[in-house]
$ cat upload_13.txt   # compact mmCIF, C-alpha atoms
# COMPACT_ATOMS: atom_id res chain seq x y z
CA MET N 1 -4.87 -15.05 1.69
CA ILE N 2 -2.56 -17.21 3.77
CA PHE N 3 0.97 -17.81 2.53
CA GLU N 4 3.66 -19.90 4.19
CA ARG N 5 4.63 -17.22 6.72
CA TYR N 6 2.11 -14.40 6.32
CA GLN N 7 -1.61 -13.78 6.34
CA THR N 8 -2.78 -10.98 4.08
CA VAL N 9 -6.23 -9.41 3.68
CA LEU N 10 -7.35 -6.80 1.15
CA ALA N 11 -10.34 -4.45 1.19
CA ILE N 12 -11.40 -1.83 -1.34
CA ALA N 13 -14.44 0.44 -1.58
CA GLY N 14 -15.16 3.19 -4.06
CA MET N 15 -16.72 6.58 -3.59
CA ASN N 16 -16.72 6.96 -7.36
CA ASP N 17 -17.57 4.58 -10.15
CA PRO N 18 -15.12 3.54 -11.40
CA ALA N 19 -12.84 3.80 -8.37
CA GLN N 20 -9.35 5.23 -8.83
CA ASP N 21 -7.69 2.94 -6.26
CA ARG N 22 -5.87 -0.27 -7.12
CA LEU N 23 -4.19 -2.92 -4.92
CA SER N 24 -2.55 -6.30 -5.29
CA VAL N 25 -0.76 -9.05 -3.39
CA LEU N 26 1.84 -11.14 -5.22
CA ASN N 27 3.77 -14.24 -4.22
CA TRP N 28 7.30 -14.05 -5.62
CA ASP N 29 9.03 -17.35 -4.86
CA GLY N 30 7.82 -17.34 -1.26
CA ASP N 31 8.26 -13.61 -0.70
CA ILE N 32 5.12 -11.48 -0.43
CA VAL N 33 4.76 -8.27 -2.40
CA LEU N 34 2.07 -5.75 -1.47
CA VAL N 35 1.18 -3.01 -3.95
CA ILE N 36 -1.25 -0.12 -3.53
CA ALA N 37 -1.93 2.86 -5.78
CA ASP N 38 -4.41 5.75 -5.73
CA GLY N 39 -5.00 7.49 -9.03
CA ALA N 40 -5.19 11.25 -8.61
CA GLY N 41 -8.76 12.50 -8.52
CA GLY N 42 -9.71 15.44 -10.68
CA LEU N 43 -7.19 14.45 -13.33
CA ARG N 44 -7.96 12.40 -16.40
CA GLY N 45 -6.34 8.98 -16.42
CA GLY N 46 -5.82 8.48 -12.69
CA ALA N 47 -7.25 4.96 -12.70
CA GLN N 48 -5.10 4.07 -15.71
CA ALA N 49 -1.97 5.32 -13.95
CA ALA N 50 -2.81 3.32 -10.79
CA GLN N 51 -3.41 0.17 -12.83
CA MET N 52 -0.07 0.63 -14.57
CA VAL N 53 1.65 0.49 -11.17
CA ILE N 54 -0.03 -2.83 -10.39
CA ASP N 55 0.69 -4.31 -13.82
CA ARG N 56 4.32 -3.18 -14.04
CA VAL N 57 5.26 -4.35 -10.54
CA SER N 58 3.70 -7.74 -11.28
CA ALA N 59 5.61 -7.99 -14.56
CA SER N 60 8.92 -7.08 -12.89
CA ALA N 61 9.20 -10.01 -10.48
CA SER N 62 11.93 -11.73 -12.47
CA ARG N 63 13.98 -8.51 -12.63
CA ILE N 64 14.36 -8.10 -8.88
CA SER N 65 17.03 -10.50 -7.64
CA ASP N 66 17.42 -8.98 -4.16
CA ARG N 67 14.00 -8.48 -2.61
CA GLN N 68 15.54 -6.55 0.30
CA ASP N 69 17.00 -3.90 -2.01
CA ASP N 70 14.96 -0.81 -1.15
CA LEU N 71 16.83 1.35 -3.65
CA GLY N 72 16.07 -1.21 -6.35
CA LEU N 73 12.38 -0.87 -5.54
CA CYS N 74 12.77 2.91 -5.79
CA ARG N 75 14.30 2.53 -9.24
CA LEU N 76 11.38 0.32 -10.22
CA LEU N 77 8.75 2.85 -9.11
CA ASP N 78 10.61 5.73 -10.71
CA GLU N 79 10.78 3.79 -13.98
CA ILE N 80 7.05 3.12 -13.76
CA GLY N 81 6.53 6.85 -13.23
CA ARG N 82 8.34 7.57 -16.49
CA ASN N 83 6.26 4.89 -18.22
CA ILE N 84 3.10 6.60 -16.99
CA GLN N 85 4.31 9.96 -18.29
CA ASP N 86 4.88 8.41 -21.70
CA ALA N 87 1.54 6.56 -21.81
CA LEU N 88 -1.25 8.15 -23.84
CA GLY N 89 -4.11 9.24 -21.58
CA ALA N 90 -2.48 8.22 -18.29
CA GLY N 91 -2.71 10.62 -15.35
CA GLU N 92 -0.93 10.50 -11.99
CA THR N 93 -0.97 8.17 -9.01
CA THR N 94 0.39 7.48 -5.55
CA ALA N 95 2.19 4.18 -5.08
CA ILE N 96 3.55 1.89 -2.38
CA VAL N 97 5.35 -1.36 -3.06
CA ALA N 98 6.42 -3.41 -0.01
CA VAL N 99 8.25 -6.74 -0.06
CA LEU N 100 8.19 -9.11 2.92
CA SER N 101 11.20 -11.41 2.85
CA GLU N 102 12.65 -13.32 5.81
CA GLY N 103 10.84 -11.09 8.32
CA ILE N 104 12.06 -7.85 6.72
CA ILE N 105 9.76 -5.27 5.11
CA THR N 106 11.49 -3.45 2.27
CA GLY N 107 9.65 -0.86 0.25
CA SER N 108 9.35 2.30 -1.76
CA SER N 109 6.60 4.91 -1.91
CA VAL N 110 5.47 8.24 -3.31
CA GLY N 111 2.35 10.32 -2.65
CA ASP N 112 -0.07 10.37 0.27
CA SER N 113 -0.92 6.68 0.52
CA ARG N 114 0.79 5.46 3.67
CA ALA N 115 2.23 2.36 5.33
CA TRP N 116 2.24 1.88 9.11
CA LEU N 117 3.69 -0.93 11.21
CA LEU N 118 1.50 -1.38 14.29
CA PHE N 119 2.24 -3.12 17.59
CA ASP N 120 0.34 -3.47 20.88
CA GLU N 121 2.19 -0.55 22.45
CA ALA N 122 3.60 1.40 19.49
CA GLU N 123 3.16 2.39 15.87
CA TYR N 124 5.64 3.47 13.22
CA GLU N 125 4.94 5.14 9.90
CA LEU N 126 7.23 3.54 7.34
CA THR N 127 6.38 6.15 4.72
CA SER N 128 6.93 9.23 6.90
CA SER N 129 9.78 10.51 4.70
CA GLN N 130 8.07 10.03 1.35
CA SER N 131 7.43 12.88 -1.07
CA ARG N 132 3.71 13.67 -1.15
CA LYS N 133 3.92 15.64 -4.40
CA PRO N 134 4.46 15.38 -7.30
CA LEU N 135 3.00 11.92 -7.90
CA LEU N 136 4.10 9.16 -10.27
CA GLY N 137 3.31 10.33 -13.76
CA GLY N 138 3.88 13.92 -12.73
CA GLY N 139 7.60 13.74 -12.06
CA GLY N 140 7.39 12.26 -8.56
CA VAL N 141 10.41 10.44 -7.11
CA SER N 142 9.98 7.56 -4.67
CA THR N 143 11.50 7.16 -1.19
CA PRO N 144 12.76 3.87 0.33
CA PHE N 145 11.84 2.31 3.68
CA CYS N 146 12.87 -0.79 5.60
CA ALA N 147 11.83 -2.43 8.91
CA GLU N 148 11.44 -5.76 10.68
CA ILE N 149 7.82 -6.91 10.87
CA GLY N 150 8.31 -8.93 14.06
CA SER N 151 4.98 -9.34 15.87
CA GLY N 152 3.51 -6.29 14.20
CA THR N 153 0.69 -5.82 11.73
CA LEU N 154 1.53 -3.99 8.52
CA VAL N 155 -1.16 -1.64 7.16
CA LEU N 156 -0.97 -0.12 3.69
CA ALA N 157 -3.84 2.21 2.83
CA THR N 158 -4.79 5.10 0.60
CA ASP N 159 -5.72 8.52 1.94
CA GLY N 160 -9.38 7.49 1.99
CA LEU N 161 -8.52 5.79 5.29
CA TRP N 162 -5.74 7.91 6.80
CA ASP N 163 -7.39 11.29 6.18
CA TYR N 164 -10.56 10.30 8.03
CA VAL N 165 -9.56 7.74 10.67
CA GLY N 166 -6.89 8.42 13.30
CA VAL N 167 -3.93 6.07 13.49
CA GLU N 168 -4.79 5.09 17.07
CA VAL N 169 -8.21 3.89 15.92
CA VAL N 170 -6.59 2.07 13.00
CA ARG N 171 -4.18 0.40 15.41
CA GLN N 172 -6.94 -0.80 17.73
CA ILE N 173 -8.90 -2.28 14.83
CA ALA N 174 -5.96 -3.73 12.90
CA LEU N 175 -4.56 -5.59 15.91
CA GLY N 176 -7.76 -7.58 16.34
CA GLU N 177 -7.59 -11.36 16.15
CA SER N 178 -9.30 -11.56 12.76
CA LEU N 179 -7.63 -9.71 9.90
CA GLU N 180 -10.72 -10.23 7.73
CA MET N 181 -12.95 -8.49 10.28
CA ALA N 182 -10.35 -5.77 10.81
CA ALA N 183 -10.25 -4.93 7.10
CA ASP N 184 -14.05 -4.64 6.98
CA PHE N 185 -14.14 -2.51 10.14
CA LEU N 186 -11.49 -0.16 8.80
CA VAL N 187 -13.56 0.53 5.70
CA LYS N 188 -16.68 1.01 7.81
CA SER N 189 -14.84 3.38 10.16
CA ALA N 190 -14.15 5.74 7.25
CA ARG N 191 -17.80 5.94 6.18
CA LEU N 192 -20.15 8.83 6.86
CA PRO N 193 -23.29 8.17 8.95
CA SER N 194 -25.14 7.85 5.64
CA GLY N 195 -22.84 5.00 4.63
CA ALA N 196 -21.15 7.06 1.92
CA LEU N 197 -17.39 7.55 1.70
CA TRP N 198 -15.39 10.77 1.58
CA ASP N 199 -13.02 9.14 -0.89
CA ASP N 200 -12.10 5.81 -2.43
CA ILE N 201 -10.42 3.58 0.15
CA SER N 202 -8.04 0.64 -0.22
CA VAL N 203 -6.49 -1.29 2.65
CA VAL N 204 -3.96 -4.12 2.82
CA LEU N 205 -3.30 -5.83 6.16
CA CYS N 206 -0.47 -8.30 6.67
CA ARG N 207 1.04 -10.10 9.66
CA SER N 208 3.10 -13.19 10.41
CA HIS N 209 1.22 -16.30 11.48

$ encode --input "upload_13.txt" --output "structure tokens"
Amino acid sequence: MIFERYQTVLAIAGMNDPAQDRLSVLNWDGDIVLVIADGAGGLRGGAQAAQMVIDRVSASASRISDRQDDLGLCRLLDEIGRNIQDALGAGETTAIVAVLSEGIITGSSVGDSRAWLLFDEAEYELTSSQSRKPLLGGGGVSTPFCAEIGSGTLVLATDGLWDYVGVEVVRQIALGESLEMAADFLVKSARLPSGALWDDISVVLCRSH
């Protein structure tokens, strides 16, 4: 997807059927919103919890007046967490929501899905301070982050990528000329020699153009 200022590519592959991962890209009045969620495996309702993150963030566009308000995004995710707890049959999920507005990345996250900002000579984990447990739906509380995207490539991904592919390899792939090819290669890099996956994997790549 190519918006006015940003190119964004999504990739998702499931180890299980149905997959527990969910992801979305939204255009809010010219700002880009990236959302990724990984329903907790081994718990009933993980996919439902992840889908609630996607649906509730999408439905909340009109409520967020300042897209660079990282604490406002935290309040949104924490509210969604309470909604998940109250929903019949819903489990738990990780979540990242990141807003790109005027060259600034503002976001909130909880769990072990991660966001990295990658450059030719450096990489920075935006979600390094997040709480890994508990997750949304299990009492988890989100953590804010903020950065300038500059010439970097933003990578949001679930643990199906980060647990099996080193960040240096991710950086080399993600900084390739074609974001579409990079997304495909990242999924392939997490596969076993048999072609199977260790876990569900979702990836969102975004850069200025």

$ closest_residue --input "upload_13.txt" --among "N:Arg191, N:Arg56, N:Arg5, N:Arg75" --to "Asp31 in chain N" --atoms "only C-alpha atoms"
N:Arg5

$ atom_distance --input "upload_13.txt" --atom1 "CA of Leu71 in chain N" --atom2 "CA of Thr106 in chain N"
9.3 Å

$ atom_distance --input "upload_13.txt" --atom1 "CA of Gly137 in chain N" --atom2 "CA of Val9 in chain N"
28.0 Å

$ atom_distance --input "upload_13.txt" --atom1 "CA of Arg44 in chain N" --atom2 "CA of Arg132 in chain N"
19.2 Å

$ closest_residue --input "upload_13.txt" --among "N:Ser113, N:Thr143, N:Ser178, N:Ser60" --to "Asp159 in chain N" --atoms "only C-alpha atoms"
N:Ser113

$ closest_residue --input "upload_13.txt" --among "N:Gly195, N:Gly139, N:Gly14, N:Pro134" --to "Ile80 in chain N" --atoms "only C-alpha atoms"
N:Gly139

$ closest_residue --input "upload_13.txt" --among "N:Glu92, N:Glu125, N:Ala49, N:Ile84" --to "Val167 in chain N" --atoms "only C-alpha atoms"
N:Glu125

$ closest_residue --input "upload_13.txt" --among "N:Gly176, N:Val155, N:Val35, N:Gly103" --to "Leu205 in chain N" --atoms "only C-alpha atoms"
N:Val155

$ closest_residue --input "upload_13.txt" --among "N:Thr153, N:Ser131, N:Gln20, N:Ser58" --to "Val97 in chain N" --atoms "all atoms listed in the file"
N:Ser58
